[in-house]
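Visitor: What follows is the file data.txt, containing compact mmCIF, C-alpha atoms:
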# COMPACT_ATOMS: atom_id res chain seq x y z
CA MET A 1 78.73 105.39 142.22
CA ILE A 2 79.58 109.10 141.92
CA ILE A 3 79.26 110.34 138.35
CA PRO A 4 82.36 112.35 137.34
CA ASN A 5 82.37 115.69 135.59
CA PRO A 6 83.11 115.54 131.84
CA GLU A 7 86.55 116.98 132.69
CA ASN A 8 87.31 113.64 134.34
CA ILE A 9 86.13 111.56 131.39
CA PHE A 10 88.76 110.43 128.92
CA ALA A 11 88.09 109.72 125.25
CA ILE A 12 90.30 107.65 122.99
CA ILE A 13 89.95 107.06 119.27
CA ALA A 14 90.69 103.52 118.16
CA GLU A 15 90.21 100.73 115.65
CA PHE A 16 91.02 97.76 117.93
CA ASN A 17 91.69 95.66 114.86
CA PRO A 18 92.10 93.61 117.01
CA LEU A 19 92.50 94.84 120.59
CA HIS A 20 95.89 93.73 121.94
CA TYR A 21 97.88 94.11 125.16
CA GLY A 22 99.08 97.61 124.26
CA HIS A 23 95.47 98.80 123.97
CA GLU A 24 94.59 97.04 127.21
CA PHE A 25 97.48 98.75 129.01
CA LEU A 26 96.19 102.18 127.96
CA LEU A 27 92.57 101.48 128.89
CA LYS A 28 93.42 100.07 132.29
CA ASN A 29 95.65 103.03 133.13
CA LEU A 30 93.02 105.55 132.11
CA ARG A 31 90.27 103.62 133.85
CA ALA A 32 92.15 103.72 137.17
CA ASN A 33 90.96 107.28 137.88
CA HIS A 34 88.60 108.19 135.06
CA SER A 35 85.67 107.01 133.02
CA VAL A 36 86.62 106.11 129.44
CA ILE A 37 84.78 106.64 126.18
CA VAL A 38 86.00 105.01 122.96
CA ILE A 39 85.32 106.39 119.48
CA LEU A 40 85.55 103.17 117.44
CA SER A 41 86.02 102.77 113.70
CA SER A 42 83.20 101.33 111.65
CA ASN A 43 83.55 98.04 109.74
CA PHE A 44 86.19 99.45 107.37
CA VAL A 45 89.31 101.01 108.85
CA GLN A 46 91.65 103.84 107.93
CA ARG A 47 93.97 101.71 105.77
CA GLY A 48 91.06 100.93 103.47
CA GLU A 49 90.60 97.36 104.69
CA PRO A 50 87.71 95.50 106.32
CA ALA A 51 88.16 95.03 110.05
CA ILE A 52 88.99 91.48 111.11
CA VAL A 53 85.74 91.36 113.10
CA ASP A 54 82.84 93.76 112.90
CA LYS A 55 82.30 96.85 115.02
CA PHE A 56 80.06 95.06 117.53
CA TYR A 57 82.66 92.42 118.34
CA ARG A 58 85.34 95.11 118.65
CA ALA A 59 83.04 97.23 120.85
CA GLU A 60 82.70 94.20 123.13
CA MET A 61 86.50 93.94 123.27
CA ALA A 62 86.66 97.60 124.27
CA ILE A 63 84.18 97.21 127.13
CA LYS A 64 85.95 94.11 128.44
CA ALA A 65 89.27 95.96 128.30
CA GLY A 66 87.95 98.75 130.52
CA ALA A 67 85.96 101.18 128.38
CA ASP A 68 82.61 102.40 129.69
CA LEU A 69 81.02 103.60 126.48
CA VAL A 70 81.72 102.94 122.78
CA ILE A 71 80.56 105.30 120.02
CA GLU A 72 80.84 104.48 116.31
CA LEU A 73 83.05 106.59 114.05
CA PRO A 74 81.05 106.63 110.77
CA PHE A 75 82.50 105.21 107.58
CA MET A 76 83.17 108.56 105.87
CA TYR A 77 85.67 109.35 108.60
CA ALA A 78 86.80 105.86 109.66
CA CYS A 79 87.92 104.89 106.15
CA ALA A 80 89.70 108.13 105.34
CA ALA A 81 93.03 109.93 105.52
CA ALA A 82 94.29 111.22 108.87
CA GLN A 83 92.72 114.69 108.65
CA ASP A 84 89.20 113.37 107.95
CA PHE A 85 89.62 110.54 110.46
CA ALA A 86 90.58 113.03 113.16
CA PHE A 87 87.88 115.52 112.15
CA GLY A 88 85.11 112.94 112.54
CA ALA A 89 86.33 111.79 115.94
CA VAL A 90 86.82 115.32 117.28
CA GLU A 91 83.39 116.39 116.01
CA ILE A 92 81.73 113.52 117.88
CA LEU A 93 83.47 114.57 121.08
CA ARG A 94 82.75 118.26 120.55
CA LYS A 95 79.08 117.81 119.73
CA THR A 96 78.25 115.21 122.37
CA ASN A 97 80.08 117.06 125.17
CA LEU A 98 80.69 113.71 126.84
CA ALA A 99 84.44 113.97 127.49
CA GLY A 100 86.79 116.66 128.72
CA LYS A 101 90.04 114.93 127.80
CA ILE A 102 91.37 113.06 124.79
CA SER A 103 94.30 110.66 125.01
CA PHE A 104 96.23 109.24 122.09
CA GLY A 105 99.36 107.22 121.51
CA MET A 106 102.36 108.68 119.72
CA GLU A 107 105.70 107.38 118.60
CA ASP A 108 107.31 110.62 119.87
CA PRO A 109 105.12 112.27 122.55
CA GLY A 110 108.03 114.42 123.81
CA TYR A 111 108.48 116.16 120.45
CA ASP A 112 107.24 119.77 120.36
CA PHE A 113 104.92 119.62 117.38
CA ALA A 114 103.22 122.99 117.98
CA PRO A 115 105.14 124.61 115.05
CA ILE A 116 103.90 121.84 112.76
CA VAL A 117 100.31 122.44 113.83
CA GLU A 118 100.69 126.19 113.26
CA THR A 119 102.19 125.62 109.82
CA LEU A 120 99.46 123.23 108.71
CA LEU A 121 96.74 125.51 110.06
CA HIS A 122 98.00 128.70 108.40
CA GLU A 123 99.99 127.31 105.44
CA PRO A 124 102.62 130.04 105.05
CA GLU A 125 103.91 130.71 101.55
CA ALA A 126 107.24 128.95 102.15
CA TYR A 127 105.39 125.77 103.09
CA ARG A 128 102.90 125.98 100.20
CA LYS A 129 105.58 126.68 97.61
CA PHE A 130 107.75 123.73 98.65
CA LEU A 131 104.69 121.46 98.86
CA ARG A 132 103.58 122.40 95.33
CA GLU A 133 107.06 121.70 94.00
CA LYS A 134 107.14 118.22 95.51
CA LEU A 135 103.64 117.40 94.30
CA ARG A 136 104.66 118.44 90.77
CA GLU A 137 107.65 116.11 91.07
CA GLY A 138 105.20 113.23 91.56
CA PHE A 139 105.41 112.67 95.30
CA SER A 140 102.30 111.53 97.16
CA PHE A 141 100.73 114.18 99.38
CA PRO A 142 101.93 112.55 102.64
CA LYS A 143 105.51 112.42 101.35
CA ALA A 144 105.40 115.93 99.89
CA ASN A 145 103.94 117.21 103.14
CA SER A 146 106.71 115.63 105.23
CA LEU A 147 109.37 117.06 102.90
CA ALA A 148 107.82 120.54 103.07
CA LEU A 149 107.74 120.43 106.87
CA GLU A 150 111.31 119.12 107.06
CA ASN A 151 112.36 122.07 104.91
CA LEU A 152 111.08 124.35 107.68
CA PHE A 153 111.87 122.38 110.83
CA ASP A 154 114.67 119.89 111.37
CA GLY A 155 113.24 116.48 112.23
CA ALA A 156 109.66 117.41 111.33
CA GLY A 157 109.61 115.21 108.24
CA GLU A 158 110.57 112.09 110.15
CA PHE A 159 108.16 112.99 112.98
CA ILE A 160 105.13 113.49 110.71
CA SER A 161 105.88 110.37 108.65
CA LYS A 162 105.03 108.16 111.63
CA PRO A 163 101.30 107.33 111.56
CA ASN A 164 100.41 107.95 115.20
CA ASN A 165 102.37 111.22 115.28
CA LEU A 166 100.43 112.32 112.21
CA LEU A 167 97.12 111.45 113.85
CA ALA A 168 98.14 113.39 116.97
CA VAL A 169 98.84 116.47 114.85
CA SER A 170 95.49 115.99 113.09
CA TYR A 171 93.60 115.74 116.39
CA VAL A 172 95.18 118.93 117.71
CA MET A 173 94.56 120.77 114.43
CA ASN A 174 90.87 119.89 114.50
CA LEU A 175 90.55 120.85 118.15
CA ARG A 176 92.13 124.20 117.31
CA LYS A 177 89.88 124.77 114.30
CA CYS A 178 86.71 124.38 116.33
CA ASN A 179 88.06 126.23 119.39
CA CYS A 180 87.42 123.12 121.43
CA ASP A 181 88.86 123.15 124.94
CA ILE A 182 89.18 119.38 125.31
CA GLU A 183 92.48 118.67 127.06
CA ILE A 184 95.00 116.56 125.14
CA VAL A 185 96.98 113.86 126.94
CA PRO A 186 99.49 112.14 124.62
CA PHE A 187 101.35 109.05 125.74
CA LYS A 188 104.22 106.91 124.50
CA ARG A 189 102.99 103.82 122.70
CA VAL A 190 103.89 100.68 124.59
CA PRO A 191 106.25 98.42 122.59
CA ASN A 192 104.05 95.68 121.27
CA LEU A 193 103.27 93.83 118.11
CA LYS A 194 101.26 96.07 115.81
CA SER A 195 97.68 95.09 115.05
CA SER A 196 98.67 94.69 111.39
CA GLU A 197 101.36 92.15 112.34
CA ILE A 198 98.86 90.24 114.45
CA ARG A 199 96.34 90.13 111.59
CA GLU A 200 98.94 88.95 109.08
CA ASN A 201 99.55 85.77 111.10
CA LEU A 202 96.64 85.51 113.48
CA GLY A 203 97.31 81.93 114.51
CA ALA A 204 100.93 82.51 115.47
CA ASN A 205 100.17 85.81 117.21
CA PHE A 206 97.06 84.75 119.09
CA ARG A 207 99.08 84.74 122.33
CA ASN A 208 99.63 88.51 121.92
CA LEU A 209 95.93 89.12 122.53
CA PRO A 210 94.16 89.29 125.91
CA ASN A 211 91.93 86.33 126.77
CA TYR A 212 88.70 88.18 125.95
CA SER A 213 90.00 89.25 122.51
CA ARG A 214 90.95 85.66 121.77
CA GLU A 215 87.54 84.44 122.93
CA ILE A 216 85.67 87.00 120.83
CA ILE A 217 87.70 86.25 117.70
CA THR A 218 87.22 82.52 118.26
CA ARG A 219 83.48 83.06 118.64
CA ALA A 220 83.43 85.14 115.46
CA GLY A 221 85.19 82.30 113.65
CA VAL A 222 82.70 79.72 114.91
CA ASN A 223 79.88 82.00 113.73
CA HIS A 224 81.57 82.39 110.30
CA ARG A 225 82.11 86.11 110.92
CA LEU A 226 85.90 86.28 110.84
CA CYS A 227 86.93 88.60 108.00
CA GLU A 228 90.38 87.10 107.51
CA ASN A 229 90.45 85.79 103.93
CA TYR A 230 88.65 88.58 102.12
CA HIS A 231 91.13 89.27 99.30
CA THR A 232 89.53 86.86 96.83
CA SER A 233 86.04 88.24 97.45
CA ILE A 234 87.21 91.82 96.95
CA TRP A 235 89.12 90.88 93.82
CA ASP A 236 86.07 89.14 92.32
CA LEU A 237 83.90 92.18 93.04
CA LEU A 238 86.43 94.61 91.59
CA ARG A 239 87.04 92.63 88.41
CA ASN A 240 83.31 92.49 87.79
CA ILE A 241 83.11 96.26 88.21
CA PHE A 242 86.16 97.04 86.05
CA LEU A 243 84.91 94.72 83.30
CA ARG A 244 81.84 96.86 82.69
CA THR A 245 83.03 100.31 83.78
CA SER A 246 84.49 103.19 81.79
CA PRO A 247 86.86 105.87 83.10
CA GLU A 248 83.96 108.31 82.98
CA ASP A 249 81.86 106.02 85.19
CA LEU A 250 84.67 105.65 87.72
CA ARG A 251 85.12 109.41 87.91
CA LYS A 252 81.57 109.64 89.26
CA VAL A 253 82.77 107.87 92.41
CA TYR A 254 83.93 109.93 95.37
CA ALA A 255 87.69 110.66 95.44
CA ILE A 256 88.37 108.96 92.10
CA ASP A 257 90.41 111.68 90.44
CA GLU A 258 93.91 112.68 89.34
CA GLY A 259 93.88 109.88 86.77
CA ILE A 260 93.76 107.01 89.25
CA GLU A 261 90.77 105.58 87.38
CA ASN A 262 92.98 105.04 84.31
CA LEU A 263 95.60 103.37 86.48
CA PHE A 264 93.02 100.92 87.82
CA LEU A 265 91.67 100.07 84.39
CA LYS A 266 95.19 99.67 83.02
CA HIS A 267 96.38 97.14 85.60
CA TRP A 268 93.42 94.96 86.56
CA LYS A 269 93.63 92.59 83.57
CA SER A 270 97.30 91.83 84.06
CA SER A 271 97.01 91.25 87.81
CA GLY A 272 96.48 87.75 89.15
CA ASN A 273 95.04 88.77 92.50
CA LEU A 274 94.19 91.75 94.68
CA LEU A 275 97.63 92.07 96.24
CA GLU A 276 99.32 92.12 92.82
CA PHE A 277 96.82 94.69 91.61
CA VAL A 278 97.27 97.03 94.56
CA SER A 279 101.06 96.72 94.33
CA SER A 280 100.95 97.64 90.65
CA CYS A 281 98.99 100.82 91.49
CA VAL A 282 101.14 101.97 94.41
CA SER A 283 103.71 104.59 93.47
CA SER A 284 105.43 107.69 94.78
CA ARG A 285 102.13 109.44 94.08
CA TYR A 286 99.67 106.91 95.53
CA THR A 287 100.21 105.11 98.84
CA LYS A 288 98.79 101.67 99.54
CA ALA A 289 96.18 103.10 101.90
CA HIS A 290 95.21 105.73 99.29
CA VAL A 291 94.64 102.98 96.72
CA ASN A 292 92.81 100.66 99.13
CA ARG A 293 90.38 103.35 100.28
CA ARG A 294 89.44 104.20 96.73
CA LEU A 295 88.80 100.58 95.90
CA ILE A 296 86.36 100.46 98.83
CA TYR A 297 84.64 103.60 97.52
CA ILE A 298 84.32 101.96 94.10
CA MET A 299 82.84 98.75 95.51
CA LEU A 300 80.35 100.85 97.45
CA ASN A 301 79.56 102.89 94.35
CA LEU A 302 79.96 105.89 96.65
CA GLU A 303 78.67 108.60 94.36
CA ARG A 304 80.20 112.04 94.71
CA GLU A 305 76.78 113.53 95.44
CA LEU A 306 76.08 111.10 98.29
CA ALA A 307 79.53 111.60 99.79
CA ALA A 308 79.18 115.39 99.55
CA SER A 309 75.75 115.26 101.18
CA VAL A 310 77.02 113.16 104.09
CA LYS A 311 80.18 115.25 104.60
CA ASN A 312 78.35 118.56 104.29
CA SER A 313 75.89 117.42 106.94
CA GLY A 314 78.82 116.73 109.24
CA ILE A 315 78.43 114.58 112.31
CA ASN A 316 74.70 114.84 112.97
CA TYR A 317 74.22 111.86 115.29
CA ALA A 318 76.27 109.64 117.59
CA ARG A 319 75.52 105.93 117.48
CA ILE A 320 76.27 104.01 120.67
CA LEU A 321 77.62 100.52 120.03
CA ALA A 322 78.09 99.33 123.62
CA PHE A 323 78.16 100.41 127.24
CA ASN A 324 78.51 99.01 130.74
CA HIS A 325 76.70 100.14 133.88
CA ASN A 326 78.91 103.20 134.27
CA GLY A 327 78.48 104.07 130.59
CA ARG A 328 74.71 103.93 131.01
CA LEU A 329 74.97 106.37 133.90
CA LEU A 330 77.20 108.67 131.86
CA LEU A 331 74.57 108.80 129.11
CA LYS A 332 71.78 109.35 131.60
CA ASN A 333 73.58 112.30 133.18
CA PHE A 334 75.28 113.93 130.19
CA ALA A 335 73.29 113.05 127.05
CA LYS A 336 71.07 116.09 127.64
CA ASN A 337 74.09 118.31 126.95
CA SER A 338 74.67 116.82 123.50
CA GLN A 339 74.15 119.01 120.43
CA ILE A 340 73.24 115.94 118.33
CA PRO A 341 70.99 112.92 118.89
CA ILE A 342 72.66 110.06 120.74
CA ILE A 343 71.25 106.93 119.17
CA THR A 344 70.98 103.51 120.77
CA THR A 345 68.32 102.09 118.44
CA PRO A 346 69.29 101.77 114.74
CA SER A 347 65.75 102.56 113.54
CA LYS A 348 66.30 106.16 114.64
CA LEU A 349 68.93 106.51 111.91
CA ARG A 350 66.08 106.76 109.41
CA ASN A 351 65.85 110.42 110.36
CA ASN A 352 69.38 110.83 108.94
CA SER A 353 68.55 109.47 105.52
CA GLN A 354 71.78 110.06 103.58
CA ALA A 355 74.01 108.90 106.43
CA ALA A 356 71.76 105.90 107.00
CA ILE A 357 71.84 104.97 103.31
CA LEU A 358 75.62 104.98 103.30
CA GLU A 359 76.06 103.08 106.58
CA ARG A 360 73.60 100.43 105.39
CA ARG A 361 75.54 100.06 102.16
CA VAL A 362 78.83 99.81 104.05
CA SER A 363 77.41 97.12 106.32
CA GLU A 364 76.14 95.10 103.37
CA LEU A 365 79.48 95.26 101.58
CA TYR A 366 81.20 94.04 104.73
CA GLU A 367 78.77 91.11 104.92
CA LEU A 368 79.68 90.09 101.36
CA LEU A 369 83.30 89.62 102.48
CA LEU A 370 82.41 87.18 105.28
CA PRO A 371 82.12 83.39 104.96
CA GLU A 372 78.40 83.66 105.80
CA GLN A 373 76.21 86.75 105.60
CA ASP A 374 73.83 88.17 108.19
CA PHE A 375 72.36 91.32 106.69
CA ARG A 376 70.35 91.92 109.88
CA ARG A 377 73.54 92.49 111.87
CA GLU A 378 73.47 96.26 111.27
CA ASN A 379 70.10 96.38 113.07
CA LEU A 380 71.63 95.35 116.40
CA SER A 381 70.81 97.71 119.24
CA VAL A 382 73.40 98.81 121.75
CA LEU A 383 75.34 96.02 123.49
CA GLN A 384 74.91 96.19 127.27
CA PHE A 385 77.38 94.70 129.74
Before anything else, please render the file you have as structure tokens.
Guide:
Amino acid sequence: MIIPNPENIFAIIAEFNPLHYGHEFLLKNLRANHSVIVILSSNFVQRGEPAIVDKFYRAEMAIKAGADLVIELPFMYACAAAQDFAFGAVEILRKTNLAGKISFGMEDPGYDFAPIVETLLHEPEAYRKFLREKLREGFSFPKANSLALENLFDGAGEFISKPNNLLAVSYVMNLRKCNCDIEIVPFKRVPNLKSSEIRENLGANFRNLPNYSREIITRAGVNHRLCENYHTSIWDLLRNIFLRTSPEDLRKVYAIDEGIENLFLKHWKSSGNLLEFVSSCVSSRYTKAHVNRRLIYIMLNLERELAASVKNSGINYARILAFNHNGRLLLKNFAKNSQIPIITTPSKLRNNSQAAILERRVSELYELLLPEQDFRRENLSVLQF
């Protein structure tokens, strides 16, 4: 086979939680004339929830759907707001030099969002003033941001309030910040059940998954590795933490600020389960995803110092989760151009001590939420197909 130039290699950023027909449609269309690399979320996803199956199962889904190579998006970026999520993914692409194009789904790909990108990059006084006013009024940052943009551009608020539009803006902003010349190729999302709707009633929506996704999820269930009923486990862990933790202790955890620690300690005793607790903490100031991510940080005991060390180090390695024959050839031909180590053997992560400490902790927390634990799972080498 002829190995393409990086300009003919597409990258997509995904969670595949789980991979459905809409994802398959995209991968097959890209794969028709290009090689495809997937940057895949770690075991916890952007909404602050554990993935329904772990990253290795989802990497297998990606390969079977048409991807050639799957690279892990580390936890600090996978379980984060849109800007950090996009930053981590773009940094992997920039530093590995493996892809010349990035494709992403949008609710409104025909909308000219260049003025939004310029505004968020340069933050003119009119934008900052309106944003501050809305934040003082108690709005969450995402809502205040959409209102501030709408004040400047008709329709911008509605555009940016849609999650995939927001991610698109975040990808472009990060590409601009690092002067990266990766070509962007947005596309209209294919009407399909959302992954969240599939997860909420997996049995009824199983038919909305490709055969290989169904087989992999079934296999995960047989192996007691389906992370479907995790709410009780998380609630038990959180109550144990809140029982013995002061506000001062919680403030030592990354991103626990603005008084949210007091909100958590106020509501946990009167909540009967995790869903009640999260609902009681959601407000105009704190979105559900904002709350969920911080609960994950608390369960991890993600100290501010550790988080700062990992973030300040940036993306300093790329861990390969899976590849097929073409993906192996891509690595053989292009890995030498990477600015960071491309890792296929987990033991090499020991050279990235702080990042390795955190990823190990993340993996172990995920195991605690499964029906049966396999703490050796994180030591898997790259899956080859």
Visitor: Closest to A:Tyr297 among A:Leu26, A:Phe277, A:Leu358, A:Ser41, using all atoms listed in the file?
Guide: A:Leu358
Visitor: Which residues are near stretch 197-210 of chain A? Cut-off 10 Å, all atoms listed in the file, ignore same chain within fewer than 6 positions. Put them as JSON, numbers by chain.
Guide: {"A": [17, 18, 19, 20, 21, 22, 23, 24, 51, 52, 61, 64, 65, 217, 228]}
Visitor: Mind running stretch 73-138 of chain A against stretch 321-339 of chain A at 8 Å and telling me each contacting residue's nearest atom pair with the distance in Å (one decimal), counting all atoms listed in the file, chain and number ascending, as CSV?
Guide:
residue,atom,partner,partner_atom,distance
A:Lys95,CA,A:Gln339,CA,5.1
A:Thr96,CA,A:Ser338,CA,4.1
A:Asn97,CA,A:Ser338,CA,5.7
A:Leu98,CA,A:Phe334,CA,6.4
Visitor: Give me the residues near A:Pro341 as a PyMOL selection string, where near means some atom within 8 Å (using only C-alpha atoms) and where sequence neighbours in that chain fewer than 4 positions away do not count.
Guide: chain A and resi 316-318
Visitor: So that I have them on file, write out the residues from the current selection with C-alpha atoms, as an mmCIF file, in the coordinates of the input.
Guide:
data_model
loop_
_atom_site.group_PDB
_atom_site.id
_atom_site.type_symbol
_atom_site.label_atom_id
_atom_site.label_comp_id
_atom_site.auth_asym_id
_atom_site.auth_seq_id
_atom_site.Cartn_x
_atom_site.Cartn_y
_atom_site.Cartn_z
ATOM 1 C CA ASN A 316 74.700 114.840 112.970
ATOM 2 C CA TYR A 317 74.220 111.860 115.290
ATOM 3 C CA ALA A 318 76.270 109.640 117.590
#
Visitor: Between A:Pro186, A:Pro124, A:Gly259, A:Pro346, which has the minimum distance to A:Val382 (counting only C-alpha atoms)?
Guide: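 For A:Val382, the nearest of the candidates is A:Pro346.
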Visitor: For A:Ile9, which residue out of A:Val169, A:Val185, A:Met76, A:Ala220 is the nearest one, using only C-alpha atoms?
Guide: A:Val185
Visitor: Since the input lacks atoms, please generate N, CA, C and O atoms for stretch 24-45 of chain A and provide them as a tab-separated table (two decimals), keeping the file's coordinate frame.
Guide:
chain	number	residue	atom	x	y	z
A	24	GLU	N	95.06	97.35	125.86
A	24	GLU	CA	94.59	97.04	127.21
A	24	GLU	C	95.35	97.85	128.26
A	24	GLU	O	94.76	98.36	129.22
A	25	PHE	N	96.66	97.99	128.07
A	25	PHE	CA	97.48	98.75	129.01
A	25	PHE	C	96.98	100.19	129.11
A	25	PHE	O	96.85	100.75	130.21
A	26	LEU	N	96.69	100.80	127.97
A	26	LEU	CA	96.19	102.18	127.96
A	26	LEU	C	94.85	102.27	128.67
A	26	LEU	O	94.65	103.13	129.55
A	27	LEU	N	93.91	101.41	128.32
A	27	LEU	CA	92.57	101.48	128.89
A	27	LEU	C	92.59	101.28	130.41
A	27	LEU	O	91.91	101.99	131.16
A	28	LYS	N	93.37	100.33	130.85
A	28	LYS	CA	93.42	100.07	132.29
A	28	LYS	C	94.05	101.24	133.05
A	28	LYS	O	93.63	101.57	134.16
A	29	ASN	N	95.04	101.88	132.47
A	29	ASN	CA	95.65	103.03	133.13
A	29	ASN	C	94.71	104.22	133.18
A	29	ASN	O	94.63	104.92	134.20
A	30	LEU	N	93.98	104.46	132.11
A	30	LEU	CA	93.02	105.55	132.11
A	30	LEU	C	91.87	105.26	133.06
A	30	LEU	O	91.38	106.14	133.77
A	31	ARG	N	91.44	104.01	133.06
A	31	ARG	CA	90.27	103.62	133.85
A	31	ARG	C	90.55	103.69	135.36
A	31	ARG	O	89.63	103.77	136.17
A	32	ALA	N	91.81	103.71	135.75
A	32	ALA	CA	92.15	103.72	137.17
A	32	ALA	C	91.53	104.90	137.90
A	32	ALA	O	91.09	104.79	139.04
A	33	ASN	N	91.47	106.07	137.23
A	33	ASN	CA	90.96	107.28	137.88
A	33	ASN	C	89.93	108.04	137.07
A	33	ASN	O	89.52	109.13	137.46
A	34	HIS	N	89.52	107.48	135.94
A	34	HIS	CA	88.60	108.19	135.06
A	34	HIS	C	87.60	107.22	134.44
A	34	HIS	O	87.84	106.01	134.39
A	35	SER	N	86.52	107.76	133.93
A	35	SER	CA	85.67	107.01	133.02
A	35	SER	C	86.27	107.13	131.62
A	35	SER	O	86.97	108.10	131.31
A	36	VAL	N	85.99	106.15	130.76
A	36	VAL	CA	86.62	106.11	129.44
A	36	VAL	C	85.58	105.89	128.36
A	36	VAL	O	84.78	104.95	128.43
A	37	ILE	N	85.61	106.77	127.38
A	37	ILE	CA	84.78	106.64	126.18
A	37	ILE	C	85.69	106.30	125.00
A	37	ILE	O	86.76	106.88	124.86
A	38	VAL	N	85.25	105.38	124.16
A	38	VAL	CA	86.00	105.01	122.96
A	38	VAL	C	85.21	105.41	121.73
A	38	VAL	O	84.01	105.11	121.61
A	39	ILE	N	85.87	106.14	120.82
A	39	ILE	CA	85.32	106.39	119.48
A	39	ILE	C	85.92	105.30	118.58
A	39	ILE	O	87.13	105.29	118.34
A	40	LEU	N	85.08	104.38	118.11
A	40	LEU	CA	85.55	103.17	117.44
A	40	LEU	C	85.22	103.17	115.96
A	40	LEU	O	84.09	103.47	115.57
A	41	SER	N	86.21	102.83	115.15
A	41	SER	CA	86.02	102.77	113.70
A	41	SER	C	84.89	101.81	113.31
A	41	SER	O	84.68	100.79	113.96
A	42	SER	N	84.24	102.16	112.23
A	42	SER	CA	83.20	101.33	111.65
A	42	SER	C	83.81	100.04	111.09
A	42	SER	O	84.94	99.69	111.43
A	43	ASN	N	83.10	99.35	110.21
A	43	ASN	CA	83.55	98.04	109.74
A	43	ASN	C	84.72	98.10	108.76
A	43	ASN	O	85.35	97.08	108.50
A	44	PHE	N	85.01	99.27	108.21
A	44	PHE	CA	86.19	99.45	107.37
A	44	PHE	C	87.09	100.48	108.05
A	44	PHE	O	86.62	101.50	108.55
A	45	VAL	N	88.39	100.21	108.05
A	45	VAL	CA	89.31	101.01	108.85
A	45	VAL	C	90.12	101.96	107.96
A	45	VAL	O	89.98	101.97	106.74
